[in-house]
6 protein chains.
Amino acid sequence: MSQTYNHFNVTSPAPYIAHVEINRPEKLNAFYQDMWMEYAQIFNTLSHSPDVRSIILSGAGPTFTVGLDIHKTSLAFPGSDSARKAWEIRRRMAEFQECISASEKCEKPVICVLHGFSMGLAIDIACATDIRISSADAKFAVKEVDIGLAADIGTLSRLPKIVGSLSWVKDVTLSARIFSAEEAHRVGFVSAVERDKDAAVKKALEMASLISAKSPVAVQGTKAIVNWSVDRTVADGLAYTRVWNAAALQTGDVGEAVGATLGKREARFEKL
Amino acid sequence: MSQTYNHFNVTSPAPYIAHVEINRPEKLNAFYQDMWMEYAQIFNTLSHSPDVRSIILSGAGPTFTVGLDIHKTSLAFPGSDSARKAWEIRRRMAEFQECISASEKCEKPVICVLHGFSMGLAIDIACATDIRISSADAKFAVKEVDIGLAADIGTLSRLPKIVGSLSWVKDVTLSARIFSAEEAHRVGFVSAVERDKDAAVKKALEMASLISAKSPVAVQGTKAIVNWSVDRTVADGLAYTRVWNAAALQTGDVGEAVGATLGKREARFEKL
Amino acid sequence: MSQTYNHFNVTSPAPYIAHVEINRPEKLNAFYQDMWMEYAQIFNTLSHSPDVRSIILSGAGPTFTVGLDIHKTSLAFPGSDSARKAWEIRRRMAEFQECISASEKCEKPVICVLHGFSMGLAIDIACATDIRISSADAKFAVKEVDIGLAADIGTLSRLPKIVGSLSWVKDVTLSARIFSAEEAHRVGFVSAVERDKDAAVKKALEMASLISAKSPVAVQGTKAIVNWSVDRTVADGLAYTRVWNAAALQTGDVGEAVGATLGKREARFEKL
Amino acid sequence: MSQTYNHFNVTSPAPYIAHVEINRPEKLNAFYQDMWMEYAQIFNTLSHSPDVRSIILSGAGPTFTVGLDIHKTSLAFPGSDSARKAWEIRRRMAEFQECISASEKCEKPVICVLHGFSMGLAIDIACATDIRISSADAKFAVKEVDIGLAADIGTLSRLPKIVGSLSWVKDVTLSARIFSAEEAHRVGFVSAVERDKDAAVKKALEMASLISAKSPVAVQGTKAIVNWSVDRTVADGLAYTRVWNAAALQTGDVGEAVGATLGKREARFEKL
Amino acid sequence: MSQTYNHFNVTSPAPYIAHVEINRPEKLNAFYQDMWMEYAQIFNTLSHSPDVRSIILSGAGPTFTVGLDIHKTSLAFPGSDSARKAWEIRRRMAEFQECISASEKCEKPVICVLHGFSMGLAIDIACATDIRISSADAKFAVKEVDIGLAADIGTLSRLPKIVGSLSWVKDVTLSARIFSAEEAHRVGFVSAVERDKDAAVKKALEMASLISAKSPVAVQGTKAIVNWSVDRTVADGLAYTRVWNAAALQTGDVGEAVGATLGKREARFEKL
Amino acid sequence: MSQTYNHFNVTSPAPYIAHVEINRPEKLNAFYQDMWMEYAQIFNTLSHSPDVRSIILSGAGPTFTVGLDIHKTSLAFPGSDSARKAWEIRRRMAEFQECISASEKCEKPVICVLHGFSMGLAIDIACATDIRISSADAKFAVKEVDIGLAADIGTLSRLPKIVGSLSWVKDVTLSARIFSAEEAHRVGFVSAVERDKDAAVKKALEMASLISAKSPVAVQGTKAIVNWSVDRTVADGLAYTRVWNAAALQTGDVGEAVGATLGKREARFEKL
């Protein structure tokens, strides 16, 4: 994690924890192509880093991100006819989607701290993380319809699986209206709300510490199996669990965890 | 929309908004075959009408609908043996399901205002709309088990995907008990509750106005992509989004929407 | 139901209702292999018993179950290399998963009363039932990561489909933290909370009585169709419903139910 | 079947058999919109006609069909921008696909006799039937790429599931090259080749007679279950079969079939 | 394998090979309930037997099996109405399907030798094995429609995935016509045809010997992954392969296999 | 395409055609990690190159490839316990699978010319291309079980969908036996066999020329839709086709193709 990034601060506030901070506060952390390329690079690196067991994501300054930087993102596409433009759009969108999906594909759990304005791309990003918590002042909006777009970087595909009211999903995606942290909590989009950004980051750090103290084999297996199961039948979920755990159960972590509990000592797990 | 219907009032309370009202209040808006055939015809027509961008559905009188009119619906099926009766049942049920699914297949968002008694078929109908709001006095029940039936026109297939508690889904579908607007809101079946029917219709009109003022390309794409994604893996949701937006992003609406925002004027979008 | 079981009390507190009680209170109802084998046998038997129309599941004593009895469950697996051990693990896990899934496969609805400590396997078990209610004092935890395991008997595959906040699912499965009945209710894991265990069992009995008084054809069809639909597209849910009901609608229960309602008398349904 | 059609001859060459003949030989049976609308109407009618148990499809004159009549099919689409044109294209294509799918959705088996030129839409049509046989002189081509199109009325979705060589599927769909009846037989696209058109129609009539003499419950169930299973897992295929047959096995046809076999007499089945 | 069976001979013609012979030749190996229960028991036992690495299935006498013994199989189902009969049918069919699926679920490859009459249930059985070979004189038929049934024990769900011509599948399942070994080979239903039954059994023994000499980890993994992949997307096939092989690649068999090849000696693998 | 590669020759034998030649003939084109990384890079580049419309893949020298270079591929995996080794295996396998899948993901059709020894990884590679042709002397084997492995780079997931006999798939994957070009053709693995390697490359060039002369919009859409449809239901295939073609049909290529046909001139299409 010693690498320096242009648009992100990546720090290690505690052992086995990485903190990724979107760092373009002067532009309210608005994203453009270089940024999402770097974002993917960071999560791909953390995914395999043995020194990382959980990750916190937040924004520098009061705002998480206002989404796409329209001034640095062209919505004109080259191509001599509409079909050729369509090819270009699909290619760019595939790249963009893949970058934002990096936190989902990342083997380690990602805790997203939403604060201040969290709009448009902010929701796409948050939907591709594992645990979402927010500050009480956060203002959310699935903003895309307001600029003539269906949200295309993951919100529309993931949000219906993340929260428990499809009526609410359609309400906020069709109206682009702002919703509060309280409302986000009520529908299950975030699972905790803290007083302000600092408290939310502190809470995330506590959660990350708790998770990082556990067997990384168990933690990463849990993330992988839940993500698989969300999209498939219960039968296929159970089958995948069996096959996954056929190797995972052979870890020394089980003995270490049980031993530590019985010995009332802290467990120490090998890196992963 | 100049057409006259036998069992429904279809009006345009504001530009680009259609209001479909079930109009058989003397029978508490109970449905029989002619009605669901006409219901499908209305939504199929509105789906392609360039003058409609969002739709409100409610019932004439205090009751949304008490469901099936048992007096006008035969549950006897012709056929010389049980297998042949089964063929007849499947055919009728396929037709019935397809009619009620018309609001789901409709390209424009449908806001369902539930009020008064909303039972049996009322739930099937509501599940096939996009946004559900209710009056505080609404009384809901998945009533079918009380007449010896598993709800067959969509409630059992859609409800588990619409709300966030499968325990609750089983509770209300197995017990046929009445539940209140407050409970419906808590589990996410409706996303808003208003004081009474008038307030709920007014709220729906505000929502419809908000939606109709936006790019119809963005709005209809959002409905289509969410409906697709609910039923499929995230990966297939993202793929469909890319392909859908490859054409949709070529709309003039993006420029119009951005221009209007920057120019602080109302956006005007071409018909769709 | 006259059979005697080693680890369970199976009684009939009222006509058509079976009450299955985990009966190893001296060990806080902790499970070992014999027990889950017997558990499956019980539900397989009740599934086809014409005298049973709904089932209550609870634990003897204050605790529902603290989960796996680690002292009687070996986590050592025979095999001359890691691959051969993996075969052994998969086989055992398949058997274990199939036993716990027996309540899901059971044709009759199962109401699970959670009380006291409900941890680890308790959650796997509860996820495979239909309706979950709890006492106010219940303490829940998806405990597996604390012993180095990803929960493998169904929690990770079923929980995301049962509740309405994936952020919460990841929170509790990754942290193994204890959560309360109130929290379980808020996210939809349980659909009712009663004052204490006695009140919760009483509530379950009322629900079971209500369900058992209805047409068993309608009730069992409802369970079957909801379980099918949760895992599949709406279109496949509707298709299955049609085919299922093509036989089910030919029941005499419809006439009996309608007749009883009109005649203001109690309906009496044939056994199933 | 007494109805008269504009572009098709629909006759009954033998009891319980319908013969649908594309009847625009002066234009080599090329299709335009009116024709596919009528095509759907015919199969929808035959699907529920109790006097029909199997259907033969062929073309009047030496040619089955050369496909789309380009002179009567506009490839210009109204719309003020590319997105709006895309909406129009999707709507038209949905209607077109649904019409050609009518033979697949038709409850009775459809035997397609391919002869002479069978190109473009001919392949889409044939793919949506049940049994394909051809005359030795038939000339096939998936012609669409030659006019700048990916075949969009079903060939690309169905062909990979109908034949046994994906390499061959890509070869013929990417090259648009002509292939012979012999080649079509070798890869399994057709399951029989006859000397000439007359022999092929005669063969189809024999097959239709054989099928029509059997229990319509068994025959139609077989078509329905195979079509379901092709698209789903084996487990879902078996589940659907159980539910389907739970009603179908209650037919009197089983007794009649067994009785006729034992009594060495012809079975007579009730209409369906 | 020392156990004695009532209706099957189970022998070990060579190390690591089991030969299961249907043993009711006086009735042309026709099946009734006791037999398919025992059939499942045998394959479940062989599945986990460390002394078995491949299995041959054939019939005693000239006939493989003529299918269901109608004289010992009741097609009357108890139940006070059609719905209740349907429940009974589904239950019986589920049990029957599960028994016949035992060879598919069996971890070891099953080579089915088809000979003489191989009709009705014979096809269901064969479809649930891995490799099908036949004698030149074998006569096949998907016979069910001739007694008023859609084949319900797996043929209709598996056959479309096993062979390469859906037109042929519909032809033989709708007509119940007899087809020859040559035809079965041409469409890919069997992958080898031998002169007569003895030659076919000999061939099966050679194949079984070849397979049994290889790493059982590799062989059983191959069967498991192919069976999974047939029913799922390529992406899900690749994911399952990765997770499966994460344990399987840790076998000592790789070293042994490579060492034996380099040392030009026979490899010896640990039991599994 | 001016880039130089270490292990591949990439040339342009004709306009719009790229020829990728595996270039390690002194080692019979055996692969190691650097090579599959470069392989992916090549296909990713060609995928978006406007100067390429179809691609030929073959091997330098008489042998296509004998598969994995075991001397340069470690099958030892770091990790302090079996679970940690499993993580390492999954990561490496994911990378390897993704590299070999590059030809499938490539937007342009890939014609694979198989010749000489084509074993192990050769089959994985071939399965991920679009059209497979071979020389008469080619010798094929799914060789992995012979070194203790289930084939893990795609053969087991793709082969069952590519050919028309699952019995044959199990035969060759379980036995690792060599099969000939003639057999490969009979089962549909390759769709053409030529006299020798030169003739096969010549044939591939003719096919590539034919494809490259057509509308790239139509050609690339055809590949994309077939690949999507193979893995999904017919209904989802049709839906995807509609959405894809909503943009693709707006190409100028349709007019150009039709105009060229009518004018009996060669069509010229814009780059893509």
# chains A, B, ... in the order shown; residues from 1 in each chain; ligands from 1
>>> closest_atom_pairs(of="chain A", to="chain E", cutoff="9 Å", atoms="only C-alpha atoms", output="CSV")
residue,atom,partner,partner_atom,distance
A:Tyr240,CA,E:Tyr240,CA,7.2
A:Val243,CA,E:Trp244,CA,5.7
A:Trp244,CA,E:Val243,CA,5.7
A:Ala246,CA,E:Ala247,CA,6.8
A:Ala247,CA,E:Ala247,CA,5.0
A:Ala248,CA,E:Ala247,CA,8.6
>>> residues_around(residues="Gly148 (chain A)", least_positions_apart="6", cutoff="10 Å", atoms="only C-alpha atoms", output="PyMOL selection string")
chain B and resi 214-219+221+248-249+251-258+269
>>> residues_around(residues="Ala151 (chain D)", least_positions_apart="3", cutoff="8 Å", atoms="only C-alpha atoms", output="ChimeraX atom specification")
/D:120,142-145,154-156 /F:222
>>> write_last_selection(atoms="N, CA and C atoms", output="compact mmCIF listing (two decimals), in the first residue's frame")
# COMPACT_ATOMS: atom_id res chain seq x y z
N GLY D 120 -33.38 -16.78 -44.73
CA GLY D 120 -33.70 -15.65 -43.86
C GLY D 120 -34.81 -16.01 -42.90
N VAL D 142 -28.99 -18.64 -43.60
CA VAL D 142 -29.30 -17.61 -42.60
C VAL D 142 -28.79 -16.32 -43.21
N LYS D 143 -29.64 -15.70 -43.97
CA LYS D 143 -29.24 -14.71 -44.96
C LYS D 143 -29.01 -13.31 -44.38
N GLU D 144 -29.40 -13.08 -43.13
CA GLU D 144 -29.51 -11.70 -42.64
C GLU D 144 -28.23 -10.87 -42.73
N VAL D 145 -27.07 -11.45 -42.39
CA VAL D 145 -25.86 -10.60 -42.44
C VAL D 145 -25.63 -10.02 -43.82
N GLY D 154 -35.41 -14.70 -34.14
CA GLY D 154 -35.34 -15.93 -33.37
C GLY D 154 -34.23 -16.90 -33.74
N THR D 155 -33.72 -16.82 -34.95
CA THR D 155 -32.70 -17.78 -35.37
C THR D 155 -31.50 -17.79 -34.43
N LEU D 156 -30.99 -16.63 -34.09
CA LEU D 156 -29.77 -16.59 -33.27
C LEU D 156 -30.01 -17.09 -31.84
N THR F 222 -24.06 -10.56 -34.64
CA THR F 222 -24.38 -11.98 -34.71
C THR F 222 -23.57 -12.77 -33.68
>>> residues_around(residues="Lys161 (chain C)", least_positions_apart="2", cutoff="12 Å", atoms="only C-alpha atoms", output="count of residues only")
45
>>> atom_distance(atom1="CA of Ala76 (chain E)", atom2="CA of Gln41 (chain E)")
26.0 Å
>>> select_by_dssp(residues="region 136-235 of chain B", states="helix (DSSP H, G or I)", output="PyMOL selection string")
chain B and resi 144-147+155-162+166-175+181-186+197-212+216-230+234-235
>>> select_by_dssp(residues="region 40-177 of chain C", states="strand (DSSP E or B)", output="number ranges by chain")
C: 54-59, 65, 68, 110-114, 117-119, 131-135, 139-141, 163, 165
>>> residues_around(residues="Pro13 (chain C)", least_positions_apart="3", cutoff="10 Å", atoms="only C-alpha atoms", output="MDAnalysis selection string")
chainID C and resid 10 16:19 56 205 209
>>> atom_distance(atom1="CA of Ser134 (chain C)", atom2="CA of Ala181 (chain C)")
6.5 Å
>>> residues_around(residues="Met207 (chain C)", least_positions_apart="3", cutoff="9 Å", atoms="only C-alpha atoms", output="PyMOL selection string")
(chain B and resi 171+175) or (chain C and resi 111+202-204+210-212)
>>> atom_distance(atom1="CA of Phe64 (chain D)", atom2="CA of Ala213 (chain F)")
28.2 Å
>>> residues_around(residues="Thr11 (chain B)", least_positions_apart="4", cutoff="12 Å", atoms="only C-alpha atoms", output="number ranges by chain")
B: 1-5, 15-22, 42, 46, 51-52, 55-58
